[in-house]
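**Q** Coordinates in query_30.cif, mmCIF, C-alpha atoms, are listed below.
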data_structure
loop_
_atom_site.label_atom_id
_atom_site.label_comp_id
_atom_site.auth_asym_id
_atom_site.auth_seq_id
_atom_site.Cartn_x
_atom_site.Cartn_y
_atom_site.Cartn_z
CA MET A 1 107.63 -120.25 36.59
CA PRO A 2 107.14 -121.73 40.09
CA GLU A 3 104.44 -124.34 40.64
CA PRO A 4 100.99 -122.70 40.29
CA ILE A 5 99.14 -122.01 43.52
CA PRO A 6 95.50 -123.10 43.34
CA TYR A 7 92.75 -120.88 44.64
CA LEU A 8 91.32 -123.91 46.45
CA ASP A 9 92.75 -127.43 46.81
CA LEU A 10 90.06 -129.90 47.85
CA LYS A 11 92.29 -132.83 46.92
CA ALA A 12 94.76 -131.78 49.63
CA GLN A 13 91.93 -131.72 52.17
CA ILE A 14 90.45 -135.07 51.21
CA LYS A 15 93.65 -137.09 50.71
CA PRO A 16 94.47 -137.70 54.41
CA LEU A 17 90.81 -138.49 55.14
CA ARG A 18 90.24 -140.70 52.12
CA ALA A 19 90.23 -144.05 53.92
CA GLU A 20 87.85 -142.77 56.61
CA ILE A 21 85.55 -141.18 54.04
CA ASP A 22 85.56 -144.31 51.87
CA ALA A 23 84.64 -146.43 54.88
CA ALA A 24 81.80 -144.10 55.85
CA ILE A 25 80.40 -144.08 52.32
CA ALA A 26 80.73 -147.86 52.06
CA LYS A 27 78.71 -148.23 55.25
CA THR A 28 75.96 -146.01 53.85
CA ILE A 29 75.90 -148.02 50.63
CA ASP A 30 75.87 -151.34 52.49
CA ASN A 31 72.93 -150.11 54.57
CA CYS A 32 71.21 -148.65 51.48
CA SER A 33 70.44 -145.54 53.58
CA PHE A 34 70.59 -143.12 50.68
CA CYS A 35 68.02 -140.47 51.72
CA LEU A 36 68.42 -139.09 55.23
CA GLY A 37 69.03 -142.29 57.22
CA PRO A 38 71.21 -142.98 60.27
CA ASP A 39 74.37 -141.29 58.96
CA THR A 40 72.52 -138.04 58.32
CA ALA A 41 70.76 -138.33 61.68
CA GLN A 42 74.10 -138.72 63.45
CA PHE A 43 75.55 -135.75 61.57
CA GLU A 44 72.52 -133.64 62.51
CA GLN A 45 73.06 -134.49 66.17
CA ASP A 46 76.79 -133.75 65.96
CA PHE A 47 76.35 -130.49 64.04
CA ALA A 48 73.71 -129.23 66.48
CA LYS A 49 76.14 -129.92 69.33
CA TYR A 50 78.95 -128.20 67.42
CA CYS A 51 76.84 -125.08 66.95
CA GLY A 52 75.48 -125.18 70.49
CA ALA A 53 71.93 -125.45 69.17
CA GLY A 54 68.94 -127.57 70.07
CA HIS A 55 68.26 -128.82 66.54
CA ALA A 56 70.06 -129.18 63.20
CA LEU A 57 68.29 -130.65 60.18
CA GLY A 58 70.10 -131.83 57.06
CA PHE A 59 68.91 -130.35 53.76
CA ASN A 60 69.87 -130.84 50.13
CA SER A 61 71.32 -127.30 50.03
CA GLY A 62 71.74 -124.15 52.09
CA THR A 63 69.33 -122.42 49.71
CA SER A 64 66.59 -124.91 50.61
CA ALA A 65 67.28 -124.42 54.32
CA LEU A 66 66.84 -120.64 54.01
CA HIS A 67 63.68 -121.12 51.94
CA VAL A 68 62.14 -123.31 54.63
CA ALA A 69 63.30 -120.91 57.35
CA LEU A 70 61.11 -118.18 55.85
CA LEU A 71 58.18 -120.59 55.46
CA LEU A 72 58.47 -121.43 59.17
CA LEU A 73 58.22 -117.70 59.92
CA ASN A 74 55.06 -117.49 57.79
CA VAL A 75 56.56 -115.01 55.33
CA LYS A 76 54.11 -114.71 52.44
CA PRO A 77 53.68 -113.02 49.06
CA GLY A 78 53.61 -109.25 49.46
CA ASP A 79 55.76 -109.31 52.60
CA GLU A 80 59.24 -107.81 52.76
CA VAL A 81 62.46 -109.32 54.09
CA ILE A 82 65.48 -107.11 54.69
CA THR A 83 68.88 -108.41 53.63
CA THR A 84 72.16 -107.37 52.04
CA PRO A 85 72.76 -106.80 48.31
CA PHE A 86 76.39 -107.92 48.66
CA THR A 87 76.35 -111.69 48.96
CA PHE A 88 75.66 -114.81 46.93
CA VAL A 89 72.23 -114.72 45.31
CA ALA A 90 70.85 -117.69 47.28
CA THR A 91 70.01 -115.39 50.19
CA SER A 92 67.61 -113.44 48.00
CA TRP A 93 66.35 -116.58 46.26
CA ALA A 94 64.89 -117.77 49.56
CA ILE A 95 62.93 -114.51 49.86
CA SER A 96 61.71 -114.72 46.27
CA TYR A 97 60.72 -118.39 46.61
CA VAL A 98 58.09 -117.48 49.22
CA GLY A 99 56.82 -114.63 47.05
CA ALA A 100 58.19 -111.90 49.30
CA LYS A 101 60.24 -108.87 48.26
CA PRO A 102 63.96 -108.55 49.06
CA VAL A 103 64.63 -105.14 50.59
CA TYR A 104 68.32 -104.28 50.58
CA VAL A 105 70.44 -102.41 53.08
CA ASP A 106 73.99 -101.36 52.21
CA ILE A 107 77.04 -102.90 53.84
CA ASP A 108 79.62 -101.62 56.28
CA ASP A 109 82.74 -100.60 54.38
CA ALA A 110 85.09 -102.34 56.82
CA THR A 111 83.42 -105.74 57.28
CA PHE A 112 81.33 -106.32 54.09
CA ASN A 113 78.34 -107.09 56.33
CA LEU A 114 74.94 -105.43 56.53
CA ASP A 115 75.34 -102.03 58.21
CA PRO A 116 73.18 -101.92 61.36
CA LYS A 117 73.12 -98.11 61.26
CA LEU A 118 71.09 -98.27 58.02
CA LEU A 119 68.74 -101.09 59.02
CA GLU A 120 65.95 -99.31 60.85
CA ARG A 121 65.16 -96.88 58.05
CA ALA A 122 64.42 -99.85 55.73
CA ILE A 123 61.70 -101.28 57.99
CA THR A 124 58.11 -100.79 56.80
CA PRO A 125 54.74 -102.21 57.91
CA ARG A 126 55.32 -104.99 55.35
CA THR A 127 58.64 -106.10 56.85
CA LYS A 128 58.31 -109.62 58.22
CA ALA A 129 61.93 -110.66 58.86
CA VAL A 130 65.57 -109.60 58.70
CA MET A 131 68.13 -111.94 57.11
CA PRO A 132 71.73 -110.71 57.47
CA VAL A 133 74.74 -112.70 56.24
CA HIS A 134 77.98 -113.62 58.01
CA LEU A 135 79.85 -112.87 54.78
CA TYR A 136 83.22 -114.46 53.98
CA GLY A 137 83.16 -116.06 57.46
CA GLN A 138 83.10 -112.64 59.19
CA PRO A 139 80.31 -112.46 61.83
CA PHE A 140 77.96 -109.52 61.47
CA ASP A 141 77.17 -107.26 64.44
CA VAL A 142 74.63 -109.57 66.04
CA ASP A 143 73.71 -107.46 69.07
CA ALA A 144 73.16 -104.29 67.05
CA ILE A 145 70.87 -106.05 64.57
CA LEU A 146 69.05 -108.09 67.20
CA GLU A 147 68.30 -104.94 69.20
CA ILE A 148 66.52 -103.43 66.19
CA CYS A 149 64.71 -106.68 65.42
CA ARG A 150 63.42 -106.95 68.97
CA LYS A 151 62.36 -103.31 69.00
CA HIS A 152 60.23 -103.93 65.92
CA LYS A 153 59.25 -107.50 66.89
CA LEU A 154 60.88 -108.98 63.81
CA PRO A 155 62.46 -112.45 63.62
CA MET A 156 66.08 -112.73 62.49
CA VAL A 157 67.33 -115.46 60.17
CA GLU A 158 71.10 -115.92 60.13
CA ASP A 159 72.56 -116.76 56.76
CA ALA A 160 75.60 -118.64 58.04
CA ALA A 161 76.33 -120.37 54.72
CA GLN A 162 79.93 -119.11 54.76
CA ALA A 163 80.55 -119.07 58.49
CA HIS A 164 80.98 -122.59 59.87
CA GLY A 165 82.92 -122.22 63.11
CA ALA A 166 82.97 -118.42 63.15
CA LYS A 167 82.31 -116.86 66.55
CA TYR A 168 80.57 -113.76 67.83
CA LYS A 169 81.71 -112.73 71.32
CA GLY A 170 83.02 -116.26 71.84
CA LYS A 171 79.84 -118.05 70.77
CA THR A 172 79.53 -120.02 67.52
CA VAL A 173 77.35 -118.26 64.97
CA GLY A 174 74.11 -119.84 63.84
CA THR A 175 72.35 -119.76 67.21
CA PHE A 176 71.60 -116.06 67.66
CA GLY A 177 68.66 -115.80 65.30
CA ASP A 178 65.32 -117.56 65.39
CA ILE A 179 66.64 -119.84 62.63
CA SER A 180 69.87 -120.12 60.68
CA GLY A 181 70.91 -121.72 57.43
CA PHE A 182 74.27 -123.31 56.57
CA SER A 183 75.60 -124.49 53.22
CA PHE A 184 77.81 -127.54 52.71
CA TYR A 185 78.63 -126.84 49.08
CA PRO A 186 82.01 -128.54 48.46
CA ALA A 187 84.01 -125.28 48.52
CA LYS A 188 82.68 -124.28 51.93
CA ASN A 189 84.78 -124.62 55.11
CA LEU A 190 82.72 -127.72 55.85
CA GLY A 191 81.91 -129.15 52.45
CA ALA A 192 79.98 -132.21 51.34
CA ALA A 193 80.81 -134.47 48.40
CA GLY A 194 78.16 -132.60 46.46
CA GLU A 195 75.31 -130.35 47.59
CA GLY A 196 74.11 -130.08 51.18
CA GLY A 197 72.82 -127.70 53.81
CA ALA A 198 71.40 -127.45 57.31
CA LEU A 199 68.68 -125.58 59.12
CA VAL A 200 69.62 -124.82 62.74
CA THR A 201 67.26 -123.64 65.45
CA ASN A 202 66.58 -123.80 69.18
CA ASN A 203 62.83 -123.85 68.59
CA ALA A 204 61.43 -127.39 68.78
CA ASP A 205 58.23 -126.42 66.92
CA TYR A 206 60.22 -124.95 64.04
CA ALA A 207 62.36 -128.09 63.90
CA LYS A 208 59.31 -130.36 63.81
CA HIS A 209 57.67 -128.31 61.05
CA ALA A 210 60.91 -128.14 59.05
CA ARG A 211 61.21 -131.94 59.09
CA SER A 212 57.78 -132.16 57.52
CA LEU A 213 58.40 -129.46 54.91
CA ARG A 214 61.69 -131.00 53.74
CA GLU A 215 59.97 -134.37 53.20
CA HIS A 216 56.97 -133.59 51.01
CA GLY A 217 54.91 -132.02 53.81
CA SER A 218 54.62 -135.38 55.52
CA THR A 219 55.26 -136.85 58.95
CA VAL A 220 53.53 -140.14 58.17
CA ARG A 221 54.39 -141.69 54.80
CA TYR A 222 51.81 -140.99 52.07
CA TYR A 223 49.87 -138.59 54.32
CA HIS A 224 50.54 -134.98 53.33
CA ASP A 225 49.31 -132.25 55.66
CA GLU A 226 50.58 -129.35 53.52
CA ILE A 227 52.48 -128.66 50.32
CA GLY A 228 56.05 -129.71 50.98
CA PHE A 229 59.33 -130.16 49.19
CA ASN A 230 61.91 -132.81 48.39
CA TYR A 231 64.69 -131.11 50.35
CA ARG A 232 66.19 -134.18 52.07
CA MET A 233 69.92 -134.57 52.60
CA GLU A 234 71.39 -137.62 50.93
CA GLY A 235 72.73 -140.28 53.27
CA ILE A 236 76.14 -140.24 51.62
CA GLN A 237 76.46 -136.51 52.25
CA GLY A 238 75.60 -137.05 55.91
CA ALA A 239 78.30 -139.71 56.12
CA VAL A 240 80.96 -137.52 54.50
CA LEU A 241 80.06 -134.49 56.59
CA GLY A 242 80.17 -136.60 59.74
CA VAL A 243 83.79 -137.48 59.00
CA LYS A 244 84.80 -133.95 58.04
CA LEU A 245 83.10 -132.21 60.98
CA LYS A 246 85.67 -133.74 63.34
CA HIS A 247 88.39 -131.75 61.55
CA LEU A 248 86.57 -128.42 61.19
CA ASP A 249 88.17 -126.67 64.18
CA LYS A 250 91.64 -127.69 63.00
CA TRP A 251 90.86 -126.43 59.51
CA THR A 252 89.55 -123.14 60.91
CA GLN A 253 92.80 -122.68 62.80
CA GLY A 254 94.65 -123.34 59.55
CA ARG A 255 92.67 -120.66 57.76
CA GLN A 256 93.32 -118.24 60.61
CA ARG A 257 97.05 -118.97 60.28
CA VAL A 258 96.93 -118.12 56.57
CA ALA A 259 94.96 -114.92 57.16
CA LYS A 260 97.34 -113.78 59.89
CA ARG A 261 100.35 -114.35 57.64
CA TYR A 262 98.74 -112.45 54.76
CA ALA A 263 98.05 -109.54 57.11
CA GLU A 264 101.74 -109.44 58.02
CA LEU A 265 103.11 -109.82 54.50
CA LEU A 266 100.66 -107.48 52.74
CA ALA A 267 100.53 -104.74 55.39
CA ASP A 268 102.77 -102.40 53.40
CA THR A 269 100.93 -102.80 50.08
CA PRO A 270 98.22 -100.44 48.73
CA LEU A 271 95.62 -103.18 49.22
CA LYS A 272 92.75 -102.66 51.62
CA LEU A 273 92.99 -105.78 53.75
CA PRO A 274 89.99 -107.48 55.41
CA GLN A 275 89.24 -106.29 58.92
CA VAL A 276 87.85 -108.39 61.74
CA ALA A 277 85.65 -106.57 64.24
CA ALA A 278 86.62 -106.71 67.91
CA PHE A 279 83.55 -108.84 68.69
CA ALA A 280 84.32 -111.42 66.02
CA GLU A 281 86.45 -114.47 65.34
CA SER A 282 86.40 -115.09 61.59
CA SER A 283 86.38 -118.55 60.09
CA TRP A 284 88.00 -117.06 56.97
CA HIS A 285 85.88 -118.73 54.33
CA LEU A 286 87.40 -116.12 52.02
CA TYR A 287 90.35 -113.75 52.33
CA THR A 288 89.11 -110.82 50.28
CA VAL A 289 91.24 -107.76 49.61
CA ARG A 290 90.28 -104.56 47.81
CA HIS A 291 91.88 -102.21 45.31
CA PRO A 292 90.62 -99.92 42.50
CA GLN A 293 92.89 -101.80 40.06
CA ARG A 294 91.30 -105.14 40.93
CA ASP A 295 90.90 -106.31 37.35
CA GLU A 296 94.52 -105.55 36.45
CA LEU A 297 95.74 -107.27 39.64
CA LYS A 298 93.60 -110.31 38.84
CA LYS A 299 95.12 -110.59 35.37
CA TYR A 300 98.61 -110.33 36.84
CA LEU A 301 97.92 -113.05 39.41
CA ASP A 302 96.45 -115.26 36.68
CA ALA A 303 99.50 -114.75 34.49
CA ASN A 304 101.82 -115.64 37.36
CA GLY A 305 100.07 -118.81 38.46
CA VAL A 306 98.33 -117.50 41.60
CA GLY A 307 94.73 -118.63 41.97
CA ASN A 308 92.13 -115.99 42.82
CA ALA A 309 88.43 -115.25 42.49
CA VAL A 310 85.99 -112.34 42.56
CA HIS A 311 83.19 -112.37 45.19
CA TYR A 312 80.94 -110.61 44.10
CA PRO A 313 81.25 -108.39 41.01
CA ILE A 314 77.59 -107.39 40.62
CA PRO A 315 75.57 -106.61 43.77
CA LEU A 316 72.13 -108.20 43.80
CA HIS A 317 70.19 -104.95 43.37
CA LEU A 318 71.84 -104.55 39.94
CA GLN A 319 71.24 -108.12 38.77
CA LYS A 320 68.93 -108.52 35.78
CA CYS A 321 66.75 -111.00 37.67
CA TYR A 322 65.86 -108.28 40.19
CA ALA A 323 65.34 -105.39 37.77
CA ASP A 324 61.66 -105.32 38.73
CA LEU A 325 62.58 -104.22 42.27
CA GLY A 326 63.38 -100.80 40.83
CA TYR A 327 66.85 -100.31 42.28
CA LYS A 328 69.45 -98.41 40.26
CA LEU A 329 73.17 -97.77 40.15
CA GLY A 330 74.12 -95.56 43.09
CA ASP A 331 71.46 -96.86 45.50
CA PHE A 332 74.00 -98.88 47.54
CA PRO A 333 77.36 -97.22 46.87
CA VAL A 334 79.41 -99.21 49.41
CA SER A 335 78.28 -102.52 47.93
CA GLU A 336 78.84 -101.26 44.40
CA LYS A 337 82.37 -100.10 45.20
CA ALA A 338 83.14 -103.41 46.89
CA GLY A 339 81.92 -105.23 43.77
CA ARG A 340 84.40 -103.26 41.66
CA GLU A 341 87.35 -103.70 44.02
CA CYS A 342 87.10 -107.12 45.71
CA LEU A 343 89.51 -109.95 45.00
CA SER A 344 89.80 -113.17 47.01
CA LEU A 345 93.22 -114.74 47.53
CA PRO A 346 93.86 -118.45 48.28
CA VAL A 347 92.95 -119.25 51.89
CA PHE A 348 92.72 -122.96 52.68
CA PRO A 349 94.21 -124.83 55.66
CA GLU A 350 96.73 -126.80 53.62
CA LEU A 351 98.33 -123.69 52.12
CA SER A 352 102.05 -123.79 53.01
CA ASP A 353 104.10 -120.88 54.32
CA ALA A 354 106.07 -120.93 51.07
CA GLN A 355 102.85 -120.66 49.05
CA ILE A 356 101.57 -117.80 51.20
CA GLU A 357 104.85 -115.97 50.73
CA ARG A 358 104.72 -116.59 46.97
CA VAL A 359 101.22 -115.07 46.79
CA ALA A 360 102.46 -112.01 48.67
CA GLU A 361 105.52 -111.72 46.41
CA VAL A 362 103.40 -111.69 43.27
CA VAL A 363 101.02 -109.10 44.73
CA LYS A 364 103.94 -106.87 45.69
CA ALA A 365 105.51 -107.32 42.24
CA PHE A 366 102.30 -106.06 40.66
CA PHE A 367 102.43 -102.83 42.63
CA ALA A 368 106.17 -102.45 42.07
CA LYS A 369 105.98 -102.65 38.28
#
Could I get this structure in the form of structure tokens?
**A**
Amino acid sequence: MPEPIPYLDLKAQIKPLRAEIDAAIAKTIDNCSFCLGPDTAQFEQDFAKYCGAGHALGFNSGTSALHVALLLLNVKPGDEVITTPFTFVATSWAISYVGAKPVYVDIDDATFNLDPKLLERAITPRTKAVMPVHLYGQPFDVDAILEICRKHKLPMVEDAAQAHGAKYKGKTVGTFGDISGFSFYPAKNLGAAGEGGALVTNNADYAKHARSLREHGSTVRYYHDEIGFNYRMEGIQGAVLGVKLKHLDKWTQGRQRVAKRYAELLADTPLKLPQVAAFAESSWHLYTVRHPQRDELKKYLDANGVGNAVHYPIPLHLQKCYADLGYKLGDFPVSEKAGRECLSLPVFPELSDAQIERVAEVVKAFFAK
């Protein structure tokens, strides 16, 4: 059997940067700047500039950033926040953490993102915010959702955890909503050496308040104006991210190369390939295909040494943790079908042409047998 193809190869990403990363970490250690500190501050400045935003604040995770985003918007117990059931659970965690109720809207069958045509009917007097997700690195229809939010005077929080460097109508995502949250989990397009996240906003008051909330509700040490959290980014993560950010555009181009080649090689297969809307430039966090025989295809890829993953098999409205919301099978049929059919293929910048072709060959062999 040919050499196995990993689903993700972080070693290949880190190897050429190792000396630079080691030097950055050594500097942090020498300075003993382990919590926030100058390396994190510099990364915050650089990431804000990268996004085209006024402020970026480093957090210990993207989940924490989204949690604080809703606190800044004064979302409280009994309120409702509209989001998608087809994403990683952290989006809904943020809503639950503030005591609010996640209200789900089904996705668009072509893009996997929240369907704007279904949004307005989910709004009630208890709705306090809308939190759509740029899923798999594919930007959602920002203008369509913002128009509805403005009509109903609702803030929008962008969950950009999977969309570093993705663009909507030529502009980097993460700056369209009132606030956005990014994740730097190691497998993300921009990944830390551990956990990490960022809250991005153009609102100086939100940024000031977020700094306090992430550091125990304090702006002056040992004086606590409100209940806060220990959500600080570690200095070492700021240092690593500062090194890696310089390479993000190059890595995005690499992912786009892989996605383009897959589209060419898999065009004549029965797979439903991912579609990019005309307004979008995907950062291709995931390359997710669809087929009713997903489970059989997954087993075949596994047996033939081709890495793959399923994102996400059980939509959030059917998760046991949210049984009390009262949703049932059939409530969001597009999300449920996607959960049964989705399979993510390897898509990382270091993937060679030969590896891409090998993935395609194995997929085609499955359908030929």
**Q** List the residues matched by the PyMOL selection byres ((chain A and resi 27) around 12) in the displayed structure as a PyMOL selection string, ordered by chain and then by residue number.
**A** chain A and resi 20-26+28-34+37-39+235-236+238-240
**Q** Neighbours of range 317-327 of chain A within 8 Å (all atoms listed in the file; same-chain residues fewer than 6 positions away dropped), as a list in words?
**A**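 Those residues are Pro85, Lys101 and Tyr104 of chain A.
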**Q** Can you translate the PyMOL selection byres ((chain A and resi 124-135) around 8) into the concrete residues it hits in this file, as a JSON list (two decimals) with C-alpha atoms, in the frame of the given file?
**A**
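Listing of expr-v2.json after writing:
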[["chain", "number", "residue", "atom", "x", "y", "z"],
["A", 75, "VAL", "CA", 56.56, -115.01, 55.33],
["A", 78, "GLY", "CA", 53.61, -109.25, 49.46],
["A", 79, "ASP", "CA", 55.76, -109.31, 52.60],
["A", 80, "GLU", "CA", 59.24, -107.81, 52.76],
["A", 81, "VAL", "CA", 62.46, -109.32, 54.09],
["A", 82, "ILE", "CA", 65.48, -107.11, 54.69],
["A", 83, "THR", "CA", 68.88, -108.41, 53.63],
["A", 84, "THR", "CA", 72.16, -107.37, 52.04],
["A", 87, "THR", "CA", 76.35, -111.69, 48.96],
["A", 91, "THR", "CA", 70.01, -115.39, 50.19],
["A", 112, "PHE", "CA", 81.33, -106.32, 54.09],
["A", 113, "ASN", "CA", 78.34, -107.09, 56.33],
["A", 114, "LEU", "CA", 74.94, -105.43, 56.53],
["A", 122, "ALA", "CA", 64.42, -99.85, 55.73],
["A", 123, "ILE", "CA", 61.70, -101.28, 57.99],
["A", 136, "TYR", "CA", 83.22, -114.46, 53.98],
["A", 137, "GLY", "CA", 83.16, -116.06, 57.46],
["A", 138, "GLN", "CA", 83.10, -112.64, 59.19],
["A", 139, "PRO", "CA", 80.31, -112.46, 61.83],
["A", 140, "PHE", "CA", 77.96, -109.52, 61.47],
["A", 149, "CYS", "CA", 64.71, -106.68, 65.42],
["A", 154, "LEU", "CA", 60.88, -108.98, 63.81],
["A", 155, "PRO", "CA", 62.46, -112.45, 63.62],
["A", 156, "MET", "CA", 66.08, -112.73, 62.49],
["A", 157, "VAL", "CA", 67.33, -115.46, 60.17],
["A", 158, "GLU", "CA", 71.10, -115.92, 60.13],
["A", 159, "ASP", "CA", 72.56, -116.76, 56.76],
["A", 160, "ALA", "CA", 75.60, -118.64, 58.04],
["A", 161, "ALA", "CA", 76.33, -120.37, 54.72],
["A", 162, "GLN", "CA", 79.93, -119.11, 54.76],
["A", 163, "ALA", "CA", 80.55, -119.07, 58.49]]
**Q** Taking the file as shown, find all residues satisfying the PyMOL selection byres ((chain A and resi 196-211) around 6) and write them as a list in words.
**A**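 Going through the file, the PyMOL selection byres ((chain A and resi 196-211) around 6) ends up selecting Ala53, Gly54, His55, Ala56, Leu57, Gly58, Phe59, Asn60, Ser61, Gly62, Ala65, Ile179, Ser180, Gly181, Phe182, Ser183, Phe184, Tyr185, Glu195, Ser212, Leu213 and Arg214 of chain A.
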**Q** Which residues are near Glu350 in chain A? Cut-off 12 Å, only C-alpha atoms, ignore same chain within fewer than 2 positions. Put them as JSON, numbers by chain.
**A** {"A": [5, 6, 7, 8, 9, 10, 11, 12, 13, 14, 15, 16, 250, 251, 252, 253, 254, 255, 256, 257, 258, 346, 347, 348, 352, 353, 354, 355, 356]}
**Q** If you measure from CA of Phe86 in chain A to CA of Ile148 in chain A, what distance in Å do you get, rounded to one decimal?
**A** 20.6 Å
**Q** Applying 10 Å and all atoms listed in the file, which residues near Leu345 in chain A remain after dropping the ones on its own chain fewer than 3 positions away? List them as a list in words.
**A**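 Listed by chain and then number, they are Pro6, Tyr7, Leu8, Ala259, Tyr262, Leu286, Tyr287, Thr288, Val289, Lys298, Leu301, Val306, Gly307, Asn308, Ala309, Val310, Cys342, Phe348, Ile356, Val359 and Ala360 of chain A.
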